[in-house]
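**Q** So I've got this file, structure-v8.txt, and it contains compact mmCIF, C-alpha atoms and all ligand atoms:
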```txt
# COMPACT_ATOMS: atom_id res chain seq x y z
CA MET F 1 -28.26 -97.90 61.32
CA THR F 2 -26.17 -97.93 64.51
CA GLN F 3 -22.96 -96.02 64.15
CA THR F 4 -19.57 -97.73 64.25
CA THR F 5 -17.31 -96.38 66.99
CA PHE F 6 -14.46 -94.31 65.60
CA THR F 7 -11.27 -93.38 67.44
CA PRO F 8 -11.56 -89.72 68.53
CA ARG F 9 -9.52 -87.66 66.07
CA VAL F 10 -9.40 -83.92 65.37
CA PHE F 11 -8.91 -82.42 61.91
CA SER F 12 -9.03 -78.75 60.97
CA GLY F 13 -7.32 -76.32 58.63
CA ILE F 14 -6.86 -72.75 57.52
CA LYS F 15 -6.43 -71.59 53.95
CA PRO F 16 -3.41 -69.46 53.05
CA SER F 17 -5.45 -66.80 51.28
CA GLY F 18 -3.77 -63.88 53.08
CA GLY F 19 -2.16 -63.06 56.40
CA LEU F 20 -3.71 -64.64 59.52
CA THR F 21 -6.21 -62.48 61.40
CA LEU F 22 -7.29 -62.26 65.01
CA GLY F 23 -10.46 -64.08 63.84
CA ASN F 24 -8.39 -67.03 62.63
CA TYR F 25 -6.43 -67.01 65.88
CA LEU F 26 -9.36 -66.84 68.32
CA GLY F 27 -11.86 -68.82 66.23
CA ALA F 28 -9.43 -71.55 65.17
CA ILE F 29 -5.72 -71.67 66.08
CA LYS F 30 -6.06 -70.98 69.82
CA ARG F 31 -8.61 -73.77 70.01
CA PHE F 32 -6.45 -76.11 67.88
CA VAL F 33 -3.76 -75.69 70.53
CA GLY F 34 -6.30 -76.33 73.31
CA MET F 35 -7.25 -79.70 71.77
CA GLN F 36 -3.65 -80.83 71.30
CA GLY F 37 -2.84 -83.62 73.73
CA GLN F 38 -6.50 -84.40 74.39
CA MET F 39 -6.85 -86.65 71.35
CA GLU F 40 -5.04 -87.27 68.07
CA THR F 41 -4.80 -83.92 66.24
CA ILE F 42 -4.23 -83.24 62.54
CA TYR F 43 -3.93 -79.62 61.37
CA CYS F 44 -3.58 -78.71 57.74
CA VAL F 45 -2.77 -75.60 55.72
CA VAL F 46 -5.44 -76.00 53.06
CA ASP F 47 -3.66 -74.49 50.06
CA MET F 48 -5.95 -76.18 47.52
CA HIS F 49 -8.86 -74.26 49.05
CA ALA F 50 -6.89 -71.01 48.72
CA ILE F 51 -6.73 -71.35 44.91
CA THR F 52 -10.52 -71.36 44.59
CA VAL F 53 -9.90 -67.63 44.17
CA TRP F 54 -6.88 -66.19 42.37
CA GLN F 55 -3.57 -66.46 44.25
CA ASP F 56 -0.30 -65.09 42.97
CA PRO F 57 1.94 -68.16 42.45
CA LYS F 58 4.93 -66.14 43.67
CA GLU F 59 3.16 -65.52 47.00
CA LEU F 60 1.25 -68.75 47.65
CA ALA F 61 4.11 -70.88 49.00
CA ASN F 62 5.12 -68.12 51.38
CA MET F 63 1.56 -67.60 52.60
CA THR F 64 1.37 -71.35 53.19
CA ARG F 65 4.54 -71.10 55.28
CA GLU F 66 3.10 -68.13 57.15
CA VAL F 67 0.00 -70.07 58.24
CA ALA F 68 2.29 -72.93 59.32
CA ALA F 69 4.45 -70.42 61.23
CA GLY F 70 1.26 -69.18 62.95
CA TYR F 71 0.41 -72.74 63.98
CA LEU F 72 3.89 -73.38 65.34
CA ALA F 73 4.22 -69.99 67.05
CA ALA F 74 0.86 -70.38 68.79
CA GLY F 75 1.98 -73.70 70.28
CA LEU F 76 1.19 -76.52 67.85
CA ASP F 77 3.97 -79.03 68.26
CA PRO F 78 4.89 -81.33 65.35
CA SER F 79 5.71 -84.08 67.82
CA GLN F 80 2.14 -83.96 69.18
CA SER F 81 0.09 -82.93 66.12
CA ILE F 82 0.38 -83.79 62.44
CA LEU F 83 1.04 -80.50 60.59
CA PHE F 84 1.14 -80.43 56.79
CA ASN F 85 -0.15 -78.64 53.71
CA GLN F 86 -3.03 -80.19 51.81
CA SER F 87 -1.50 -80.28 48.32
CA GLN F 88 1.26 -82.63 49.53
CA VAL F 89 -1.36 -85.35 50.15
CA SER F 90 -3.07 -86.02 46.84
CA ALA F 91 -5.70 -88.24 48.47
CA HIS F 92 -7.58 -85.04 49.45
CA ALA F 93 -8.28 -84.25 45.79
CA GLU F 94 -9.11 -87.87 44.99
CA LEU F 95 -11.67 -88.24 47.78
CA GLY F 96 -12.91 -84.73 46.95
CA TRP F 97 -13.86 -86.00 43.48
CA ILE F 98 -15.79 -88.94 44.91
CA PHE F 99 -17.66 -86.55 47.19
CA ASN F 100 -18.46 -84.28 44.23
CA CYS F 101 -20.36 -87.30 43.00
CA VAL F 102 -22.11 -87.82 46.35
CA ALA F 103 -23.06 -84.22 47.22
CA ARG F 104 -26.18 -82.87 45.50
CA VAL F 105 -26.32 -79.59 43.60
CA GLY F 106 -29.30 -78.55 45.75
CA TRP F 107 -27.14 -78.89 48.88
CA MET F 108 -24.36 -76.77 47.41
CA ASN F 109 -26.87 -74.11 46.37
CA ARG F 110 -27.73 -73.61 50.04
CA MET F 111 -24.15 -72.80 51.12
CA THR F 112 -24.24 -69.25 52.44
CA GLN F 113 -20.48 -68.75 52.24
CA PHE F 114 -20.58 -69.35 48.48
CA LYS F 115 -23.40 -66.82 48.14
CA ASP F 116 -21.44 -64.28 50.22
CA LYS F 117 -18.20 -64.78 48.33
CA ALA F 118 -19.69 -65.01 44.85
CA GLY F 119 -22.16 -62.17 45.42
CA SER F 120 -23.56 -60.86 42.18
CA ASN F 121 -20.62 -62.40 40.30
CA ALA F 122 -21.75 -66.05 40.62
CA GLU F 123 -21.42 -66.78 36.89
CA LYS F 124 -17.77 -65.73 36.82
CA VAL F 125 -16.33 -67.38 39.94
CA SER F 126 -14.45 -70.68 39.71
CA LEU F 127 -16.17 -74.05 39.79
CA GLY F 128 -13.75 -74.83 42.63
CA LEU F 129 -15.29 -72.13 44.84
CA TYR F 130 -18.68 -73.77 44.36
CA ALA F 131 -17.36 -77.29 45.01
CA TYR F 132 -15.15 -76.19 47.95
CA PRO F 133 -17.40 -77.75 50.66
CA ALA F 134 -17.11 -81.21 49.05
CA LEU F 135 -13.32 -80.92 49.18
CA MET F 136 -13.60 -79.79 52.80
CA ALA F 137 -15.67 -82.89 53.55
CA ALA F 138 -12.90 -84.96 51.97
CA ASP F 139 -10.25 -83.20 54.09
CA ILE F 140 -12.13 -84.23 57.23
CA LEU F 141 -13.37 -87.70 56.29
CA LEU F 142 -10.07 -88.80 54.74
CA TYR F 143 -8.86 -89.11 58.34
CA HIS F 144 -12.16 -90.38 59.76
CA ALA F 145 -12.01 -87.25 61.91
CA THR F 146 -14.64 -87.18 64.64
CA HIS F 147 -14.17 -83.57 65.80
CA VAL F 148 -13.61 -80.40 63.79
CA PRO F 149 -12.88 -77.16 65.69
CA VAL F 150 -14.07 -74.26 63.51
CA GLY F 151 -15.51 -70.77 63.82
CA GLU F 152 -19.27 -70.20 63.39
CA ASP F 153 -18.85 -69.33 59.71
CA GLN F 154 -17.78 -72.89 58.90
CA LYS F 155 -20.60 -74.65 60.77
CA GLN F 156 -22.72 -75.13 57.66
CA HIS F 157 -19.80 -76.78 55.85
CA VAL F 158 -19.27 -79.27 58.68
CA GLU F 159 -23.00 -80.05 58.61
CA LEU F 160 -22.66 -80.68 54.88
CA THR F 161 -19.77 -83.03 55.68
CA ARG F 162 -22.17 -85.01 57.89
CA ASP F 163 -24.74 -85.08 55.07
CA ILE F 164 -22.11 -86.37 52.62
CA ALA F 165 -20.94 -89.06 55.08
CA SER F 166 -24.54 -90.10 55.71
CA LYS F 167 -25.44 -90.31 52.05
CA PHE F 168 -22.26 -92.24 51.21
CA ASN F 169 -22.91 -94.70 54.06
CA HIS F 170 -26.55 -95.06 53.01
CA ASP F 171 -25.90 -95.42 49.26
CA PHE F 172 -23.15 -98.00 49.71
CA LYS F 173 -24.78 -99.76 52.69
CA THR F 174 -21.79 -99.23 54.94
CA GLU F 175 -20.80 -97.40 58.11
CA PHE F 176 -17.46 -96.40 56.71
CA PHE F 177 -17.46 -92.64 57.40
CA PRO F 178 -18.12 -91.06 60.83
CA LEU F 179 -20.67 -88.31 61.38
CA THR F 180 -18.23 -85.60 62.42
CA THR F 181 -19.05 -83.16 65.23
CA PRO F 182 -18.31 -79.47 64.67
CA VAL F 183 -16.67 -78.06 67.82
CA ILE F 184 -17.89 -74.47 68.09
CA GLU F 185 -17.78 -73.06 71.60
CA GLY F 186 -16.45 -70.09 73.55
CA PRO F 187 -16.87 -66.32 73.27
CA ALA F 188 -15.05 -65.80 69.95
CA MET F 189 -16.77 -67.98 67.42
CA ARG F 190 -17.46 -65.09 65.09
CA ILE F 191 -15.08 -62.15 65.38
CA MET F 192 -16.51 -59.26 63.43
CA ASN F 193 -15.01 -56.65 61.18
CA LEU F 194 -13.76 -53.59 63.15
CA ARG F 195 -15.44 -51.18 60.72
CA ASP F 196 -18.78 -52.99 60.43
CA GLY F 197 -19.93 -55.20 63.29
CA THR F 198 -22.37 -57.07 61.06
CA LYS F 199 -19.62 -58.51 58.82
CA LYS F 200 -17.07 -61.19 59.69
CA MET F 201 -13.40 -60.24 60.11
CA SER F 202 -11.67 -61.84 57.09
CA LYS F 203 -8.15 -62.15 55.74
CA SER F 204 -9.31 -60.99 52.35
CA GLY F 205 -11.53 -58.09 53.48
CA GLU F 206 -11.06 -54.88 51.50
CA SER F 207 -9.44 -52.63 54.10
CA ASP F 208 -6.59 -53.49 56.43
CA MET F 209 -8.25 -51.28 59.09
CA GLU F 210 -11.13 -53.76 59.41
CA ARG F 211 -8.97 -56.55 60.81
CA ILE F 212 -6.15 -57.19 63.28
CA ASN F 213 -3.41 -59.22 61.58
CA MET F 214 -1.39 -61.59 63.71
CA THR F 215 1.72 -59.81 62.48
CA ASP F 216 0.54 -56.25 63.30
CA ASP F 217 2.86 -54.32 65.62
CA ALA F 218 1.72 -52.69 68.89
CA ASP F 219 1.17 -49.22 67.35
CA THR F 220 -0.92 -50.63 64.49
CA ILE F 221 -3.07 -52.70 66.88
CA ALA F 222 -3.66 -49.64 69.11
CA LYS F 223 -4.53 -47.49 66.08
CA LYS F 224 -6.96 -50.08 64.67
CA PHE F 225 -8.82 -50.50 67.97
CA LYS F 226 -8.89 -46.72 68.50
CA LYS F 227 -10.50 -46.25 65.08
CA ALA F 228 -12.80 -49.28 65.44
CA LYS F 229 -16.42 -48.32 64.83
CA THR F 230 -18.64 -48.16 67.94
CA ASP F 231 -21.91 -46.50 68.87
CA PRO F 232 -21.56 -43.44 71.14
CA ALA F 233 -22.99 -45.08 74.31
CA PRO F 234 -20.54 -46.38 76.95
CA LEU F 235 -20.36 -50.07 77.86
CA PRO F 236 -23.56 -51.27 79.55
CA GLU F 237 -23.88 -52.31 83.21
CA THR F 238 -24.92 -55.87 82.24
CA VAL F 239 -24.17 -58.12 79.27
CA GLU F 240 -27.82 -57.99 78.12
CA GLY F 241 -27.18 -54.35 77.25
CA LEU F 242 -24.92 -55.51 74.38
CA SER F 243 -27.78 -56.93 72.32
CA ASP F 244 -28.43 -54.78 69.23
CA ARG F 245 -24.97 -53.24 69.66
CA PRO F 246 -22.89 -55.43 67.30
CA GLU F 247 -19.70 -53.34 67.39
CA ALA F 248 -19.70 -53.01 71.19
CA ARG F 249 -20.44 -56.70 71.60
CA ASN F 250 -17.61 -57.60 69.23
CA LEU F 251 -15.00 -55.62 71.18
CA VAL F 252 -16.19 -57.12 74.48
CA GLU F 253 -16.09 -60.63 73.00
CA ILE F 254 -12.58 -60.09 71.63
CA TYR F 255 -11.46 -58.99 75.10
CA ALA F 256 -13.16 -62.03 76.65
CA ALA F 257 -11.62 -64.50 74.21
CA LEU F 258 -8.12 -63.03 74.50
CA ASN F 259 -8.27 -63.19 78.29
CA ASP F 260 -10.07 -66.56 78.58
CA MET F 261 -13.06 -65.05 80.35
CA THR F 262 -16.76 -64.62 79.61
CA ALA F 263 -18.38 -61.47 78.20
CA GLU F 264 -20.24 -61.20 81.54
CA ALA F 265 -16.93 -61.05 83.40
CA VAL F 266 -15.63 -58.32 81.06
CA ILE F 267 -18.72 -56.21 81.67
CA ALA F 268 -18.37 -56.81 85.41
CA GLU F 269 -14.80 -55.45 85.16
CA TYR F 270 -15.74 -52.41 83.02
CA PRO F 271 -19.36 -51.54 83.90
CA GLY F 272 -20.40 -48.31 82.19
CA ALA F 273 -16.83 -47.63 80.95
CA GLY F 274 -16.35 -45.19 78.08
CA TRP F 275 -14.50 -46.17 74.89
CA GLY F 276 -11.59 -43.93 75.93
CA THR F 277 -10.99 -46.39 78.78
CA PHE F 278 -11.99 -49.69 77.20
CA LYS F 279 -10.32 -49.43 73.79
CA PRO F 280 -6.78 -48.78 75.15
CA ALA F 281 -7.25 -51.63 77.66
CA LEU F 282 -8.29 -53.92 74.81
CA ALA F 283 -5.33 -52.82 72.68
CA ASP F 284 -2.89 -53.45 75.57
CA LEU F 285 -4.37 -56.91 76.12
CA ALA F 286 -4.21 -57.78 72.41
CA VAL F 287 -0.58 -56.64 72.20
CA ALA F 288 0.34 -58.63 75.32
CA LYS F 289 -1.24 -61.79 73.87
CA LEU F 290 -0.23 -61.42 70.22
CA ALA F 291 3.30 -59.96 70.47
CA PRO F 292 4.95 -63.17 71.73
CA ILE F 293 3.21 -65.13 68.95
CA SER F 294 4.14 -62.70 66.20
CA GLU F 295 7.76 -62.66 67.42
CA GLU F 296 7.81 -66.47 67.23
CA MET F 297 6.19 -66.35 63.77
CA ALA F 298 8.96 -64.04 62.56
CA ARG F 299 11.56 -66.43 63.97
CA PHE F 300 10.01 -69.38 62.10
CA MET F 301 9.62 -67.34 58.90
CA ALA F 302 13.35 -66.55 59.01
CA ASP F 303 13.99 -70.27 58.40
CA PRO F 304 11.62 -71.33 55.59
CA ALA F 305 13.56 -74.56 54.99
CA GLU F 306 12.70 -75.70 58.52
CA ILE F 307 8.98 -74.97 57.95
CA ASP F 308 9.13 -76.93 54.69
CA ARG F 309 10.80 -79.81 56.49
CA ILE F 310 8.10 -79.85 59.20
CA LEU F 311 5.29 -79.77 56.60
CA GLY F 312 6.98 -82.51 54.55
CA ALA F 313 7.40 -84.78 57.58
CA GLY F 314 3.76 -84.10 58.55
CA ALA F 315 2.63 -85.01 55.03
CA VAL F 316 4.34 -88.40 55.31
CA LYS F 317 2.39 -89.10 58.54
CA ALA F 318 -0.85 -87.78 57.03
CA ARG F 319 -0.48 -90.02 53.95
CA ALA F 320 -0.03 -93.06 56.18
CA ILE F 321 -3.54 -92.48 57.59
CA ALA F 322 -5.19 -91.14 54.43
CA GLU F 323 -4.09 -93.63 51.79
CA PRO F 324 -5.61 -96.78 53.35
CA ILE F 325 -8.89 -94.89 53.89
CA LEU F 326 -8.88 -93.74 50.26
CA ARG F 327 -8.11 -97.28 49.02
CA GLN F 328 -11.02 -98.69 51.04
CA THR F 329 -13.27 -95.94 49.67
CA TYR F 330 -12.30 -96.91 46.10
CA ASP F 331 -13.11 -100.54 46.90
CA ILE F 332 -16.51 -99.61 48.38
CA VAL F 333 -17.33 -97.51 45.30
CA GLY F 334 -16.15 -100.30 42.99
CA LEU F 335 -13.26 -98.50 41.30
CA LEU F 336 -10.91 -101.11 39.85
CA ARG F 337 -7.38 -101.27 41.29
CA SER F 338 -5.01 -103.63 39.46
N1 LIG F 401 -13.85 -63.75 61.97
C1 LIG F 401 -13.72 -65.00 62.42
N2 LIG F 401 -14.14 -65.35 63.66
C2 LIG F 401 -13.99 -66.61 64.14
N3 LIG F 401 -13.41 -67.60 63.42
C3 LIG F 401 -12.97 -67.30 62.17
N4 LIG F 401 -12.36 -68.03 61.22
C4 LIG F 401 -12.11 -67.26 60.14
N5 LIG F 401 -12.54 -66.01 60.36
C5 LIG F 401 -13.09 -66.00 61.61
C6 LIG F 401 -12.04 -69.44 61.37
O1 LIG F 401 -10.72 -69.64 60.92
C7 LIG F 401 -10.63 -70.94 60.33
C8 LIG F 401 -9.96 -70.85 58.99
O2 LIG F 401 -10.76 -70.25 58.06
P1 LIG F 401 -10.31 -70.27 56.53
O3 LIG F 401 -9.08 -69.50 56.35
O4 LIG F 401 -10.18 -71.62 56.01
O5 LIG F 401 -11.55 -69.67 55.83
P2 LIG F 401 -12.43 -68.45 56.16
O6 LIG F 401 -13.37 -68.81 57.27
O7 LIG F 401 -13.05 -68.07 54.86
O8 LIG F 401 -11.40 -67.36 56.68
P3 LIG F 401 -11.21 -65.90 56.23
O9 LIG F 401 -10.24 -65.27 57.17
O10 LIG F 401 -12.55 -65.23 56.11
O11 LIG F 401 -10.52 -66.04 54.83
P4 LIG F 401 -10.92 -65.44 53.42
O12 LIG F 401 -11.08 -63.96 53.61
O13 LIG F 401 -9.78 -65.75 52.51
O14 LIG F 401 -12.16 -66.13 52.99
C9 LIG F 401 -12.05 -71.50 60.26
O15 LIG F 401 -12.23 -72.39 61.34
C10 LIG F 401 -12.90 -70.29 60.44
O16 LIG F 401 -14.14 -70.60 61.04
```
Could you show the structure in this file as structure tokens?
Ligand code: AQP

**A**
Amino acid sequence: MTQTTFTPRVFSGIKPSGGLTLGNYLGAIKRFVGMQGQMETIYCVVDMHAITVWQDPKELANMTREVAAGYLAAGLDPSQSILFNQSQVSAHAELGWIFNCVARVGWMNRMTQFKDKAGSNAEKVSLGLYAYPALMAADILLYHATHVPVGEDQKQHVELTRDIASKFNHDFKTEFFPLTTPVIEGPAMRIMNLRDGTKKMSKSGESDMERINMTDDADTIAKKFKKAKTDPAPLPETVEGLSDRPEARNLVEIYAALNDMTAEAVIAEYPGAGWGTFKPALADLAVAKLAPISEEMARFMADPAEIDRILGAGAVKARAIAEPILRQTYDIVGLLRS
């Protein structure tokens, strides 16, 4: 089947399951900002994904605002991008249900993030956590999004989105949904935990020392990098010397991503440097890049009504795109509308 041409459109989101980390910033938000103005951009705070694990109802709305404040502070502009929170557009849940009926259990069983998050507790986690990738496919396809900027960890879910779109198109003999491209490029696609370079840096990781939060102050950032796990060897003379050194590679890649340079260029600047030189330089760079954003975040967070207004106005624009696509989906599936 030849593919219909779809208007280039970006969709991505972050779930408000805790404070934003440097991983969220470098792997997602910074790149969201980079795509703004290049094509139509829609960025969501995916609060319905957050509740796949327990969230304190007294905290959830504020965490949703905090992710939105991170978007705004980093440079997303509501006049250029649609910014909203997922639960204000009910079409996400409705299309999510249809995709639950398209996706196969065998596909979901292969999702590595579910295996990581459920661990040995798979019988006790929510059904929502298992079905999460079908809702994510709905988030993307509800807007006929063609491009999804994500970190490496989400690549499998975007591939599943393509599988769902393909199966839907095949089953219903249509070309209604695009085959979305995951946009995963640059030095920071998987920022690792500062205490264990083989694990991803996550909002919900056990210890605060394993991540840099976007709201950390300069002293905390310096302390966390100083205590970050490394091997005893200094930085290598060439980038090849970072293979098999996950912690060292992670710190070099963080430096590279913060300063918009390659890992090769970082090594060329610090060949053979000891950690006593490199870690303070990294901390200074992180503070210089993050402090203006965290100050802006605090300014936005001081006016929650304004954030709510921006998200509400974004939801109106999002619904205007989503609802006709949902209605056409219902018609294709044969659901009766009186
Ligand atoms: N460590 C990371 N490196 C690069 N990119 C990352 N992202 C998350 N962590 C890293 C990217 O951030 C976007 C939003 O992710 P999410 O909040 O929807 O889900 P997640 O990937 O599960 O994020 P966390 O921080 O690990 O949250 P918790 O701990 O609650 O599960 C995605 O584009 C993701 O790739």

**Q** Enumerate as a PDB file with C-alpha atoms, keeping the file's coordinate frame the residues within 6 Å of ligand LIG 401 (chain F), counting only C-alpha atoms and all ligand atoms.

**A**
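Saved file result33.pdb follows:
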```pdb
ATOM      1  CA  ILE F  14      -6.860 -72.750  57.520  1.00  0.00           C
ATOM      2  CA  LYS F  15      -6.430 -71.590  53.950  1.00  0.00           C
ATOM      3  CA  SER F  17      -5.450 -66.800  51.280  1.00  0.00           C
ATOM      4  CA  GLY F  23     -10.460 -64.080  63.840  1.00  0.00           C
ATOM      5  CA  ASN F  24      -8.390 -67.030  62.630  1.00  0.00           C
ATOM      6  CA  GLY F  27     -11.860 -68.820  66.230  1.00  0.00           C
ATOM      7  CA  ALA F  28      -9.430 -71.550  65.170  1.00  0.00           C
ATOM      8  CA  VAL F 150     -14.070 -74.260  63.510  1.00  0.00           C
ATOM      9  CA  GLY F 151     -15.510 -70.770  63.820  1.00  0.00           C
ATOM     10  CA  GLU F 152     -19.270 -70.200  63.390  1.00  0.00           C
ATOM     11  CA  ASP F 153     -18.850 -69.330  59.710  1.00  0.00           C
ATOM     12  CA  GLN F 154     -17.780 -72.890  58.900  1.00  0.00           C
ATOM     13  CA  ALA F 188     -15.050 -65.800  69.950  1.00  0.00           C
ATOM     14  CA  MET F 189     -16.770 -67.980  67.420  1.00  0.00           C
ATOM     15  CA  ARG F 190     -17.460 -65.090  65.090  1.00  0.00           C
ATOM     16  CA  ILE F 191     -15.080 -62.150  65.380  1.00  0.00           C
ATOM     17  CA  MET F 192     -16.510 -59.260  63.430  1.00  0.00           C
ATOM     18  CA  LYS F 200     -17.070 -61.190  59.690  1.00  0.00           C
ATOM     19  CA  MET F 201     -13.400 -60.240  60.110  1.00  0.00           C
ATOM     20  CA  SER F 202     -11.670 -61.840  57.090  1.00  0.00           C
ATOM     21  CA  LYS F 203      -8.150 -62.150  55.740  1.00  0.00           C
ATOM     22  CA  SER F 204      -9.310 -60.990  52.350  1.00  0.00           C
ATOM     23  CA  GLY F 205     -11.530 -58.090  53.480  1.00  0.00           C
TER      24      GLY F 205
END
```

**Q** From the options F:Val252, F:Val33, F:Met261, F:Ala134, which residue's atoms come nearest to Leu95 of chain F, counting all atoms listed in the file?

**A**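 Of all the options, F:Ala134 lies closest to Leu95 of chain F.
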
**Q** Quote the spacing between atom CA of Val45 of chain F and atom CA of Ser120 of chain F in Å to one decimal place.

**A** 28.9 Å

**Q** Just how far from atom CA of Leu285 of chain F is atom CA of Asn259 of chain F, in Å to one decimal?

**A**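 Straight-line distance from atom CA of Asn259 of chain F to atom CA of Leu285 of chain F works out to 7.7 Å.
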
**Q** Rank F:Ser294, F:Glu185, F:Val102, F:Lys124 by their smallest atom-to-atom distance to Thr161 of chain F, using only C-alpha atoms, and report the top residue only.

**A** F:Val102

**Q** Using all atoms listed in the file, collect all residues at a distance of at most 12 Å from (-21.5, -68.2, 46.5) as written in the file, then present them as a PyMOL selection string.

**A** chain F and resi 52-53+108-133

**Q** Could you please take those selected residues and save C-alpha atoms as an mmCIF file, in the frame of the given file?

**A**
```
data_model
loop_
_atom_site.group_PDB
_atom_site.id
_atom_site.type_symbol
_atom_site.label_atom_id
_atom_site.label_comp_id
_atom_site.auth_asym_id
_atom_site.auth_seq_id
_atom_site.Cartn_x
_atom_site.Cartn_y
_atom_site.Cartn_z
ATOM 1 C CA THR F 52 -10.520 -71.360 44.590
ATOM 2 C CA VAL F 53 -9.900 -67.630 44.170
ATOM 3 C CA MET F 108 -24.360 -76.770 47.410
ATOM 4 C CA ASN F 109 -26.870 -74.110 46.370
ATOM 5 C CA ARG F 110 -27.730 -73.610 50.040
ATOM 6 C CA MET F 111 -24.150 -72.800 51.120
ATOM 7 C CA THR F 112 -24.240 -69.250 52.440
ATOM 8 C CA GLN F 113 -20.480 -68.750 52.240
ATOM 9 C CA PHE F 114 -20.580 -69.350 48.480
ATOM 10 C CA LYS F 115 -23.400 -66.820 48.140
ATOM 11 C CA ASP F 116 -21.440 -64.280 50.220
ATOM 12 C CA LYS F 117 -18.200 -64.780 48.330
ATOM 13 C CA ALA F 118 -19.690 -65.010 44.850
ATOM 14 C CA GLY F 119 -22.160 -62.170 45.420
ATOM 15 C CA SER F 120 -23.560 -60.860 42.180
ATOM 16 C CA ASN F 121 -20.620 -62.400 40.300
ATOM 17 C CA ALA F 122 -21.750 -66.050 40.620
ATOM 18 C CA GLU F 123 -21.420 -66.780 36.890
ATOM 19 C CA LYS F 124 -17.770 -65.730 36.820
ATOM 20 C CA VAL F 125 -16.330 -67.380 39.940
ATOM 21 C CA SER F 126 -14.450 -70.680 39.710
ATOM 22 C CA LEU F 127 -16.170 -74.050 39.790
ATOM 23 C CA GLY F 128 -13.750 -74.830 42.630
ATOM 24 C CA LEU F 129 -15.290 -72.130 44.840
ATOM 25 C CA TYR F 130 -18.680 -73.770 44.360
ATOM 26 C CA ALA F 131 -17.360 -77.290 45.010
ATOM 27 C CA TYR F 132 -15.150 -76.190 47.950
ATOM 28 C CA PRO F 133 -17.400 -77.750 50.660
#
```

**Q** Neighbouring residues of segment 221-231 of chain F were defined as those with any atom within 9 Å, considering only C-alpha atoms; residues of the same chain fewer than 5 positions away were excluded. Please report them as a list in words.

**A** Asn193, Leu194, Arg195, Asp196, Gly197, Asp208, Met209, Glu210, Arg211, Ile212, Asn213, Asp216, Arg245, Pro246, Glu247, Ala248, Leu251, Trp275, Gly276, Lys279, Pro280, Leu282, Ala283, Asp284, Ala286 and Val287 of chain F

**Q** With only C-alpha atoms as the counted atoms, please give the residues lying no more than 7 Å from segment 299-314 of chain F, apart from itself and same-chain residues fewer than 6 positions off, as a tab-separated table (two decimals) with C-alpha atoms, keeping the file's coordinate frame.

**A**
```
chain	number	residue	atom	x	y	z
F	65	ARG	CA	4.54	-71.10	55.28
F	66	GLU	CA	3.10	-68.13	57.15
F	69	ALA	CA	4.45	-70.42	61.23
F	82	ILE	CA	0.38	-83.79	62.44
F	83	LEU	CA	1.04	-80.50	60.59
F	84	PHE	CA	1.14	-80.43	56.79
F	85	ASN	CA	-0.15	-78.64	53.71
```

**Q** If I take atom CA of Met136 of chain F and atom CA of Ile164 of chain F, how far is one from the other in Å, to one decimal?

**A** 10.8 Å

**Q** Find the residue from F:Ala233, F:Met214, F:Ala93, F:Ile42 that sits nearest to Gly19 of chain F; use all atoms listed in the file when measuring.

**A** F:Met214

**Q** Using all atoms listed in the file, find the one residue out of F:Lys58, F:His144, F:Arg9, F:Lys167 that sits nearest to Pro324 of chain F.

**A** F:His144

**Q** Hey, what's within 12 Å of Ile321 of chain F if we count all atoms listed in the file and toss same-chain stuff fewer than 6 positions away? As a list in words, please?

**A** Arg9, Glu40, Ile42, Ile82, Val89, Ala91, His92, Asp139, Ile140, Leu141, Leu142, Tyr143, His144, Ala145, Gly314, Ala315, Arg327 and Gln328 of chain F
